[in-house]
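Down below is the structure, laid out as structure tokens.
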Amino acid sequence: TKPLPTSVSGTDGLNWDGLAHCESGGRPGAVDSTGSYGGLYQFDGQTWRSLGGSGVAQDAPAQEQTYRAKKLYVQRGSSPWPHCGRRLYK
């Protein structure tokens, strides 16, 4: 299979590590206490699949999770991360 790109236009220079740390403690395999959200950026299953992901986010490599989070940011800005989204700009 072809490797995923690492860059998405309009997302370079944002603090993805800061967002991931706030959302999941920087743990790619993290799952919230309800089991509804997973991965570095706490994707729900529907959002993950809408971005081209398969399975669940927490089972995907960190690089893929970040790529798909960048795609989500281009679509919706920081709104998918209401509590942590501001970390992208620090």
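Following the order of the structure tokens, chains are lettered A, B, ..., residues in each are numbered from 1, and ligands are numbered from 1.
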
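Neighbours of Ser36 (chain A) closer than or equal to 12 Å, with only C-alpha atoms counted and sequence neighbours fewer than 4 positions away skipped, come out as Ala30, Val31, Asp32, Gln42, Phe43, Asp44, Gly45, Gln46, Thr47, Trp48, Val56, Ala57 and Gln58 of chain A.
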
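Every protein or nucleic acid residue with an atom no more than 12 Å from Asp17 (chain A), counting only C-alpha atoms and leaving out same-chain residues fewer than 2 positions away, appears here: A:Gly13, A:Leu14, A:Asn15, A:Leu19, A:Ala20, A:His21, A:Cys22, A:Glu23, A:Ser24, A:Gly25, A:Gly26, A:Arg27, A:Pro28, A:Leu40, A:Tyr41, A:Ala62, A:Gln63, A:Gln65, A:Thr66, A:Ala69, A:Cys84, A:Gly85, A:Arg87, A:Leu88, A:Tyr89, A:Lys90.
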
Can you tell me which residues surround Val8 (chain A) at a distance of at most 8 Å, considering only C-alpha atoms, apart from same-chain residues fewer than 5 positions away, and format the answer as a list in words?
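Using only C-alpha atoms, the neighbours found are Tyr67, Lys70 and Lys71 of chain A.
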
Would you save the residues from that selection as a PDB file, in the first residue's frame, using all heavy atoms?
ATOM      1  N   TYR A  67      -2.486  12.573  10.545  1.00  0.00           N
ATOM      2  CA  TYR A  67      -2.890  12.919   9.181  1.00  0.00           C
ATOM      3  C   TYR A  67      -4.407  13.114   9.112  1.00  0.00           C
ATOM      4  O   TYR A  67      -4.899  14.095   8.562  1.00  0.00           O
ATOM      5  CB  TYR A  67      -2.434  11.822   8.220  1.00  0.00           C
ATOM      6  CG  TYR A  67      -3.009  11.952   6.836  1.00  0.00           C
ATOM      7  CD1 TYR A  67      -2.590  12.969   5.979  1.00  0.00           C
ATOM      8  CD2 TYR A  67      -3.972  11.062   6.387  1.00  0.00           C
ATOM      9  CE1 TYR A  67      -3.129  13.100   4.709  1.00  0.00           C
ATOM     10  CE2 TYR A  67      -4.509  11.183   5.112  1.00  0.00           C
ATOM     11  CZ  TYR A  67      -4.083  12.204   4.277  1.00  0.00           C
ATOM     12  OH  TYR A  67      -4.615  12.337   3.026  1.00  0.00           O
ATOM     13  N   LYS A  70      -5.540  16.277  10.845  1.00  0.00           N
ATOM     14  CA  LYS A  70      -5.286  17.450  10.002  1.00  0.00           C
ATOM     15  C   LYS A  70      -6.377  17.612   8.951  1.00  0.00           C
ATOM     16  O   LYS A  70      -6.842  18.730   8.683  1.00  0.00           O
ATOM     17  CB  LYS A  70      -3.911  17.343   9.335  1.00  0.00           C
ATOM     18  CG  LYS A  70      -2.765  17.521  10.307  1.00  0.00           C
ATOM     19  CD  LYS A  70      -1.433  17.330   9.613  1.00  0.00           C
ATOM     20  CE  LYS A  70      -0.271  17.568  10.553  1.00  0.00           C
ATOM     21  NZ  LYS A  70       1.035  17.414   9.860  1.00  0.00           N
ATOM     22  N   LYS A  71      -6.815  16.504   8.367  1.00  0.00           N
ATOM     23  CA  LYS A  71      -7.913  16.567   7.394  1.00  0.00           C
ATOM     24  C   LYS A  71      -9.187  17.096   8.066  1.00  0.00           C
ATOM     25  O   LYS A  71      -9.915  17.904   7.487  1.00  0.00           O
ATOM     26  CB  LYS A  71      -8.171  15.185   6.782  1.00  0.00           C
ATOM     27  CG  LYS A  71      -7.102  14.735   5.814  1.00  0.00           C
ATOM     28  CD  LYS A  71      -7.364  13.349   5.255  1.00  0.00           C
ATOM     29  CE  LYS A  71      -8.646  13.272   4.467  1.00  0.00           C
ATOM     30  NZ  LYS A  71      -8.848  11.973   3.801  1.00  0.00           N
TER      31      LYS A  71
END

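Put simply, CA of Pro61 (chain A) is 14.6 Å away from CA of Lys2 (chain A).
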
Among listed residues A:Gly29, A:Gly18, A:Gly35, A:Gly10, nearest Gln75 (chain A) (using only C-alpha atoms):
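The shortest atom-to-atom distance to Gln75 (chain A) comes from A:Gly10.
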
Of the candidates A:Gly38, A:Ser54, A:Ser79, A:Tyr73, which one gets nearest to Trp16 (chain A) if we count only C-alpha atoms?
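Ranking A:Gly38, A:Ser54, A:Ser79, A:Tyr73 by distance to Trp16 (chain A), first place goes to A:Tyr73.
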
Enumerate, as a compact mmCIF listing (two decimals) with N, CA, C and O atoms, in the first residue's frame, the complete set of residues in region 2-89 of chain A that a backbone-based DSSP assignment places in strand (DSSP E).
# COMPACT_ATOMS: atom_id res chain seq x y z
N TYR A 37 -14.77 7.29 22.22
CA TYR A 37 -13.75 8.08 21.54
C TYR A 37 -12.39 7.43 21.74
O TYR A 37 -12.10 6.93 22.82
N GLY A 38 -11.55 7.48 20.68
CA GLY A 38 -10.26 6.85 20.82
C GLY A 38 -9.16 7.51 20.02
O GLY A 38 -9.41 8.30 19.11
N PHE A 43 -11.08 10.52 18.37
CA PHE A 43 -12.05 10.42 17.28
C PHE A 43 -13.22 9.53 17.70
O PHE A 43 -13.00 8.51 18.35
N ASP A 44 -14.43 9.86 17.25
CA ASP A 44 -15.52 8.88 17.34
C ASP A 44 -15.46 8.07 16.05
O ASP A 44 -14.84 8.47 15.07

Which of region 13-89 of chain A DSSP labels alpha helix (DSSP H), written as a VMD selection string
chain A and resid 16 to 24 45 to 50 62 to 76

Would you mind exporting N, CA, C and O atoms of the selected residues as a short mmCIF file (atom, residue, chain, number, x, y, z; two decimals), in the first residue's frame?
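Output file again-v9.cif follows:
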data_model
loop_
_atom_site.label_atom_id
_atom_site.label_comp_id
_atom_site.auth_asym_id
_atom_site.auth_seq_id
_atom_site.Cartn_x
_atom_site.Cartn_y
_atom_site.Cartn_z
N TRP A 16 0.22 20.08 16.94
CA TRP A 16 -0.48 18.79 17.02
C TRP A 16 -0.08 18.01 18.26
O TRP A 16 -0.90 17.31 18.85
N ASP A 17 1.17 18.12 18.68
CA ASP A 17 1.59 17.43 19.91
C ASP A 17 0.84 17.98 21.12
O ASP A 17 0.43 17.22 22.00
N GLY A 18 0.64 19.28 21.16
CA GLY A 18 -0.09 19.90 22.27
C GLY A 18 -1.54 19.43 22.31
O GLY A 18 -2.08 19.14 23.38
N LEU A 19 -2.17 19.35 21.13
CA LEU A 19 -3.55 18.87 21.07
C LEU A 19 -3.63 17.42 21.52
O LEU A 19 -4.49 17.05 22.33
N ALA A 20 -2.73 16.59 21.02
CA ALA A 20 -2.74 15.16 21.38
C ALA A 20 -2.51 14.97 22.88
O ALA A 20 -3.16 14.14 23.52
N HIS A 21 -1.60 15.75 23.44
CA HIS A 21 -1.33 15.63 24.88
C HIS A 21 -2.58 15.98 25.69
O HIS A 21 -2.92 15.30 26.67
N CYS A 22 -3.28 17.03 25.28
CA CYS A 22 -4.49 17.45 25.99
C CYS A 22 -5.62 16.42 25.82
O CYS A 22 -6.30 16.09 26.78
N GLU A 23 -5.80 15.91 24.61
CA GLU A 23 -6.91 14.99 24.33
C GLU A 23 -6.70 13.60 24.93
O GLU A 23 -7.65 12.99 25.42
N SER A 24 -5.48 13.08 24.84
CA SER A 24 -5.26 11.66 25.18
C SER A 24 -4.01 11.41 26.01
O SER A 24 -3.62 10.25 26.16
N GLY A 45 -16.08 6.91 16.06
CA GLY A 45 -15.99 6.00 14.92
C GLY A 45 -16.49 6.59 13.62
O GLY A 45 -15.88 6.42 12.56
N GLN A 46 -17.61 7.29 13.67
CA GLN A 46 -18.18 7.86 12.45
C GLN A 46 -17.24 8.90 11.83
O GLN A 46 -17.02 8.91 10.62
N THR A 47 -16.68 9.76 12.65
CA THR A 47 -15.76 10.78 12.14
C THR A 47 -14.52 10.12 11.56
O THR A 47 -14.06 10.49 10.48
N TRP A 48 -13.98 9.15 12.27
CA TRP A 48 -12.78 8.45 11.81
C TRP A 48 -13.01 7.85 10.42
O TRP A 48 -12.21 8.03 9.52
N ARG A 49 -14.12 7.17 10.26
CA ARG A 49 -14.41 6.54 8.97
C ARG A 49 -14.68 7.59 7.89
O ARG A 49 -14.32 7.40 6.73
N SER A 50 -15.30 8.72 8.25
CA SER A 50 -15.58 9.77 7.26
C SER A 50 -14.30 10.39 6.72
O SER A 50 -14.29 10.96 5.63
N ALA A 62 0.17 6.34 15.04
CA ALA A 62 0.08 7.76 15.41
C ALA A 62 0.16 8.67 14.19
O ALA A 62 -0.57 9.66 14.10
N GLN A 63 1.02 8.33 13.24
CA GLN A 63 1.17 9.17 12.04
C GLN A 63 -0.14 9.24 11.26
O GLN A 63 -0.54 10.30 10.78
N GLU A 64 -0.83 8.12 11.13
CA GLU A 64 -2.13 8.13 10.44
C GLU A 64 -3.15 8.94 11.22
O GLU A 64 -3.94 9.69 10.63
N GLN A 65 -3.17 8.81 12.53
CA GLN A 65 -4.11 9.57 13.34
C GLN A 65 -3.90 11.07 13.15
O GLN A 65 -4.86 11.84 13.01
N THR A 66 -2.64 11.50 13.13
CA THR A 66 -2.35 12.92 12.95
C THR A 66 -2.75 13.38 11.55
O THR A 66 -3.34 14.46 11.39
N TYR A 67 -2.49 12.57 10.54
CA TYR A 67 -2.89 12.92 9.18
C TYR A 67 -4.41 13.11 9.11
O TYR A 67 -4.90 14.09 8.56
N ARG A 68 -5.16 12.22 9.70
CA ARG A 68 -6.62 12.33 9.65
C ARG A 68 -7.14 13.48 10.52
O ARG A 68 -8.13 14.13 10.17
N ALA A 69 -6.46 13.78 11.60
CA ALA A 69 -6.83 14.95 12.41
C ALA A 69 -6.60 16.23 11.62
O ALA A 69 -7.41 17.17 11.70
N LYS A 70 -5.54 16.28 10.85
CA LYS A 70 -5.29 17.45 10.00
C LYS A 70 -6.38 17.61 8.95
O LYS A 70 -6.84 18.73 8.68
N LYS A 71 -6.81 16.50 8.37
CA LYS A 71 -7.91 16.57 7.39
C LYS A 71 -9.19 17.10 8.07
O LYS A 71 -9.92 17.90 7.49
N LEU A 72 -9.45 16.65 9.28
CA LEU A 72 -10.62 17.11 10.03
C LEU A 72 -10.51 18.60 10.32
O LEU A 72 -11.50 19.34 10.20
N TYR A 73 -9.33 19.05 10.68
CA TYR A 73 -9.12 20.47 10.96
C TYR A 73 -9.44 21.33 9.73
O TYR A 73 -10.08 22.37 9.85
N VAL A 74 -9.03 20.89 8.55
CA VAL A 74 -9.31 21.63 7.32
C VAL A 74 -10.83 21.74 7.11
O VAL A 74 -11.32 22.78 6.67
N GLN A 75 -11.56 20.70 7.45
CA GLN A 75 -13.01 20.71 7.28
C GLN A 75 -13.74 21.55 8.33
O GLN A 75 -14.69 22.26 8.02
N ARG A 76 -13.27 21.48 9.59
CA ARG A 76 -14.08 22.03 10.69
C ARG A 76 -13.33 22.92 11.66
O ARG A 76 -13.88 23.32 12.69
#

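Interatomic distance, CA of Asp59 (chain A) against CA of Pro82 (chain A): 23.4 Å.
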
CA of Thr11 (chain A) and CA of Pro80 (chain A), how far apart in Å?
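Between CA of Pro80 (chain A) and CA of Thr11 (chain A) the gap is 14.8 Å.
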